[in-house]
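Student: Questions regarding the structure given below will be posed in turn.
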Amino acid sequence: MKRFLGLVATVFILALPAPLSVPGAEAQETFLWEDLVVITKAGGRHPFRVEIADTPSKRAQGLQGRESLSPGAGMLFDFKSPQPVFFWMKNSPVPLDMIFIGANGRIINIARQTTPLSLAAIASAEPARAVLEILGGQAGRLGIVKGDRVEHRIFE
């Protein structure tokens, strides 16, 4: 009987969930990189190499804590289905352009040159399937505007 109870206690302990974090250390997600292209109404094609934030924990981590972002790089937040979305710049020291994208791949609205470290809410103008974050000012320099199209596998 003692052996049986010891086995049950061992199984119970092994079934407990692992701690979500170690005190003093933050868990960092690993992001996959994929290619994406923004096609402007003026005929421009602008390729980006983006990290994919497609889980709640990856979307929560986002670009927080990044000290820099290369032109041509970014992060694509995939919400799987259209929904109202809100972002903030907490713990993000680099200004970003946030490009809100509908399920059809069309740009809904753009929050340009967001304020680093701000807690102000930045919202989609209508339900968004995804949000592309790129270096602040880059959307303007490339002529990316509302109505332009984003080519990526999630919009096919």
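Just so we're on the same page: first chain in the structure tokens is A, next is B, and so on; residues restart at 1 for each chain, and ligands are numbered from 1 in the order they show up.
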Using only C-alpha atoms, which residues sit within 10 Å of Ala53 of chain A once same-chain residues fewer than 5 positions away are excluded, as a ChimeraX atom specification?

Tutor: /A:29-33,58-63,75-79,130-132

Student: Could you write those residues out with N, CA, C and O atoms, as a compact mmCIF listing (two decimals), in the first residue's frame?

Tutor:
# COMPACT_ATOMS: atom_id res chain seq x y z
N GLU A 29 9.77 34.16 -26.10
CA GLU A 29 9.27 33.28 -27.15
C GLU A 29 10.25 33.26 -28.32
O GLU A 29 10.98 34.21 -28.54
N THR A 30 10.20 32.19 -29.08
CA THR A 30 10.97 32.10 -30.32
C THR A 30 10.00 32.34 -31.46
O THR A 30 8.95 31.69 -31.55
N PHE A 31 10.32 33.28 -32.33
CA PHE A 31 9.45 33.64 -33.44
C PHE A 31 9.98 33.04 -34.74
O PHE A 31 11.19 33.03 -34.97
N LEU A 32 9.07 32.59 -35.60
CA LEU A 32 9.44 32.16 -36.94
C LEU A 32 9.49 33.39 -37.84
O LEU A 32 8.72 34.33 -37.66
N TRP A 33 10.37 33.36 -38.84
CA TRP A 33 10.49 34.44 -39.81
C TRP A 33 9.84 34.02 -41.12
O TRP A 33 10.01 32.89 -41.56
N LYS A 58 2.98 35.07 -27.78
CA LYS A 58 3.83 35.80 -28.75
C LYS A 58 3.26 37.18 -29.03
O LYS A 58 4.01 38.15 -29.13
N ARG A 59 1.94 37.27 -29.15
CA ARG A 59 1.33 38.59 -29.38
C ARG A 59 1.55 39.50 -28.17
O ARG A 59 1.77 40.70 -28.32
N ALA A 60 1.51 38.95 -26.97
CA ALA A 60 1.74 39.74 -25.75
C ALA A 60 3.18 40.22 -25.69
O ALA A 60 3.45 41.36 -25.28
N GLN A 61 4.13 39.40 -26.09
CA GLN A 61 5.54 39.79 -26.07
C GLN A 61 5.85 40.79 -27.17
O GLN A 61 6.48 41.81 -26.92
N GLY A 62 5.40 40.51 -28.39
CA GLY A 62 5.63 41.42 -29.51
C GLY A 62 7.05 41.91 -29.61
O GLY A 62 8.00 41.16 -29.41
N LEU A 63 7.20 43.18 -29.90
CA LEU A 63 8.53 43.79 -30.05
C LEU A 63 9.01 44.48 -28.77
O LEU A 63 9.97 45.25 -28.81
N MET A 75 7.15 42.71 -37.58
CA MET A 75 6.43 41.63 -36.91
C MET A 75 4.99 41.64 -37.40
O MET A 75 4.36 42.70 -37.47
N LEU A 76 4.49 40.46 -37.73
CA LEU A 76 3.10 40.30 -38.16
C LEU A 76 2.33 39.60 -37.04
O LEU A 76 2.64 38.46 -36.69
N PHE A 77 1.36 40.29 -36.47
CA PHE A 77 0.50 39.75 -35.42
C PHE A 77 -0.72 39.13 -36.10
O PHE A 77 -1.51 39.85 -36.72
N ASP A 78 -0.88 37.84 -36.00
CA ASP A 78 -2.00 37.12 -36.62
C ASP A 78 -3.03 36.81 -35.54
O ASP A 78 -2.77 36.04 -34.62
N PHE A 79 -4.22 37.40 -35.68
CA PHE A 79 -5.31 37.18 -34.73
C PHE A 79 -6.26 36.07 -35.17
O PHE A 79 -7.26 35.83 -34.51
N ALA A 130 -5.02 41.04 -38.83
CA ALA A 130 -3.59 41.09 -38.48
C ALA A 130 -3.12 42.52 -38.34
O ALA A 130 -3.79 43.46 -38.79
N VAL A 131 -1.94 42.66 -37.73
CA VAL A 131 -1.28 43.95 -37.62
C VAL A 131 0.19 43.74 -37.98
O VAL A 131 0.84 42.82 -37.48
N LEU A 132 0.69 44.59 -38.86
CA LEU A 132 2.09 44.58 -39.24
C LEU A 132 2.77 45.75 -38.56
O LEU A 132 2.36 46.90 -38.74

Student: Compile the contact shell of Glu34 of chain A as a PyMOL selection string: residues with an atom at most 8 Å away, counting only C-alpha atoms, same-chain residues fewer than 6 positions apart removed.

Tutor: chain A and resi 49-52

Student: Report, in Å with one decimal, the straight-line distance from atom CA of Ala125 of chain A to atom CA of Ser81 of chain A.

Tutor: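 If I compute the distance from atom CA of Ala125 of chain A to atom CA of Ser81 of chain A, I get 15.4 Å.
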
Student: Which residue gives the smallest distance to Leu36 of chain A among A:Leu119, A:Glu67, A:Glu133, A:Gly140, with only C-alpha atoms counted?

Tutor: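 Between A:Leu119, A:Glu67, A:Glu133, A:Gly140, the residue approaching Leu36 of chain A most closely is A:Glu133.
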
Student: Find the distance between atom CA of Arg106 of chain A and atom CA of His152 of chain A and write it in Å to one decimal.

Tutor: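 Straight-line distance from atom CA of Arg106 of chain A to atom CA of His152 of chain A works out to 11.2 Å.
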
Student: Could you pull out the alpha helix (DSSP H) residues of chain A from DSSP and send them as an MDAnalysis selection string?

Tutor: chainID A and resid 2:15 56:61 138:142

Student: Could you pull out the residues in segment 3-155 of chain A that DSSP calls strand (DSSP E) from the backbone, as a VMD selection string?

Tutor: chain A and resid 32 to 39 45 to 53 73 to 83 86 to 87 96 to 101 107 to 111 122 to 123 128 to 135 149 to 151

Student: Can you work out which one of A:Arg66, A:Phe86, A:Ile154, A:Arg141 has the shortest atom-to-atom distance to Ile122 of chain A, counting only C-alpha atoms?

Tutor: A:Phe86

Student: Quick one: residues within 12 Å of Gly44 of chain A, only C-alpha atoms, excluding same-chain residues fewer than 3 positions away - as a list in words?

Tutor: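 Counting only C-alpha atoms, the residues come to Val37, Val38, Ile39, Thr40, Lys41, Pro47, Ala139, Arg141, Leu142, Gly143, Ile144, Val145, Asp148, Arg149 and Val150 of chain A.
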
Student: Calculated over only C-alpha atoms, which of the candidates A:Gly105, A:Phe48, A:Glu156, A:Met89 has the smallest distance to Gly72 of chain A?

Tutor: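 Among the listed residues, the smallest separation from Gly72 of chain A belongs to A:Phe48.
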
Student: Would you compute the distance between atom CA of Gly136 of chain A and atom CA of Leu117 of chain A? Give it in Å to one decimal.

Tutor: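 So the answer is 13.5 Å.
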
Student: Given only C-alpha atoms as the basis, pick out the residue of A:Pro95, A:Pro56, A:Gly74, A:Gly43 nearest to Pro116 of chain A.

Tutor: A:Pro95

Student: Between A:Pro93, A:Pro71, A:Gly102, A:Gly65, which is the closest to Pro127 of chain A once you count only C-alpha atoms?

Tutor: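 Smallest distance to Pro127 of chain A is found for A:Gly102.
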
Student: List as a PyMOL selection string the protein and nucleic acid residues near Ser118 of chain A, meaning an atom at most 12 Å away when only C-alpha atoms are counted, but skip any in the same chain fewer than 2 places from it.

Tutor: chain A and resi 64+87-96+113-116+120-122

Student: Any chance you could export the current selection's N, CA, C and O atoms as a CSV table (one decimal), in the first residue's frame?

Tutor:
chain,number,residue,atom,x,y,z
A,64,GLN,N,8.4,44.2,-27.6
A,64,GLN,CA,8.8,44.8,-26.4
A,64,GLN,C,10.2,44.6,-26.1
A,64,GLN,O,10.7,43.5,-26.3
A,87,PHE,N,-3.5,48.2,-29.4
A,87,PHE,CA,-2.1,48.0,-29.1
A,87,PHE,C,-1.6,49.2,-28.2
A,87,PHE,O,-2.3,50.2,-28.1
A,88,TRP,N,-0.5,49.0,-27.6
A,88,TRP,CA,0.2,50.1,-26.9
A,88,TRP,C,1.7,49.9,-27.0
A,88,TRP,O,2.1,48.9,-27.6
A,89,MET,N,2.4,50.9,-26.6
A,89,MET,CA,3.9,50.9,-26.8
A,89,MET,C,4.7,50.6,-25.5
A,89,MET,O,5.9,50.8,-25.5
A,90,LYS,N,4.0,50.1,-24.5
A,90,LYS,CA,4.6,49.8,-23.2
A,90,LYS,C,5.8,49.0,-23.5
A,90,LYS,O,5.8,48.0,-24.2
A,91,ASN,N,7.0,49.3,-22.9
A,91,ASN,CA,8.2,48.6,-23.0
A,91,ASN,C,8.8,48.5,-24.4
A,91,ASN,O,9.6,47.6,-24.7
A,92,SER,N,8.3,49.4,-25.3
A,92,SER,CA,8.8,49.4,-26.7
A,92,SER,C,9.5,50.7,-27.0
A,92,SER,O,8.8,51.7,-27.2
A,93,PRO,N,10.8,50.7,-26.9
A,93,PRO,CA,11.6,52.0,-27.0
A,93,PRO,C,11.8,52.5,-28.5
A,93,PRO,O,12.3,53.6,-28.6
A,94,VAL,N,11.3,51.8,-29.5
A,94,VAL,CA,11.5,52.2,-30.9
A,94,VAL,C,10.2,52.6,-31.4
A,94,VAL,O,9.2,51.9,-31.3
A,95,PRO,N,10.1,53.8,-32.1
A,95,PRO,CA,8.8,54.2,-32.7
A,95,PRO,C,8.5,53.2,-33.8
A,95,PRO,O,9.4,52.8,-34.6
A,96,LEU,N,7.2,52.9,-34.0
A,96,LEU,CA,6.8,52.0,-35.0
A,96,LEU,C,5.6,52.5,-35.8
A,96,LEU,O,4.9,53.4,-35.4
A,113,GLN,N,4.4,56.4,-36.7
A,113,GLN,CA,5.3,57.0,-35.7
A,113,GLN,C,4.8,56.9,-34.3
A,113,GLN,O,4.7,58.0,-33.6
A,114,THR,N,4.4,55.8,-33.9
A,114,THR,CA,3.8,55.6,-32.5
A,114,THR,C,4.9,56.1,-31.5
A,114,THR,O,6.1,56.0,-31.7
A,115,THR,N,4.4,56.6,-30.4
A,115,THR,CA,5.3,57.1,-29.3
A,115,THR,C,5.9,56.0,-28.5
A,115,THR,O,5.1,55.3,-27.8
A,116,PRO,N,7.2,55.9,-28.4
A,116,PRO,CA,7.8,54.9,-27.6
A,116,PRO,C,7.4,54.9,-26.2
A,116,PRO,O,7.2,56.0,-25.6
A,120,ALA,N,-0.8,54.8,-24.2
A,120,ALA,CA,-2.0,55.2,-25.0
A,120,ALA,C,-2.5,54.0,-25.9
A,120,ALA,O,-1.7,53.4,-26.5
A,121,ALA,N,-3.8,53.8,-25.9
A,121,ALA,CA,-4.3,52.7,-26.8
A,121,ALA,C,-4.3,53.1,-28.2
A,121,ALA,O,-4.6,54.3,-28.6
A,122,ILE,N,-3.9,52.2,-29.1
A,122,ILE,CA,-3.8,52.4,-30.5
A,122,ILE,C,-4.8,51.4,-31.1
A,122,ILE,O,-4.5,50.2,-31.0

Student: From the list A:Ile107, A:Phe100, A:Gln138, A:Arg45, which residue is nearest Pro84 of chain A when using only C-alpha atoms?

Tutor: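 Counting only C-alpha atoms, the residue closest to Pro84 of chain A is A:Phe100.
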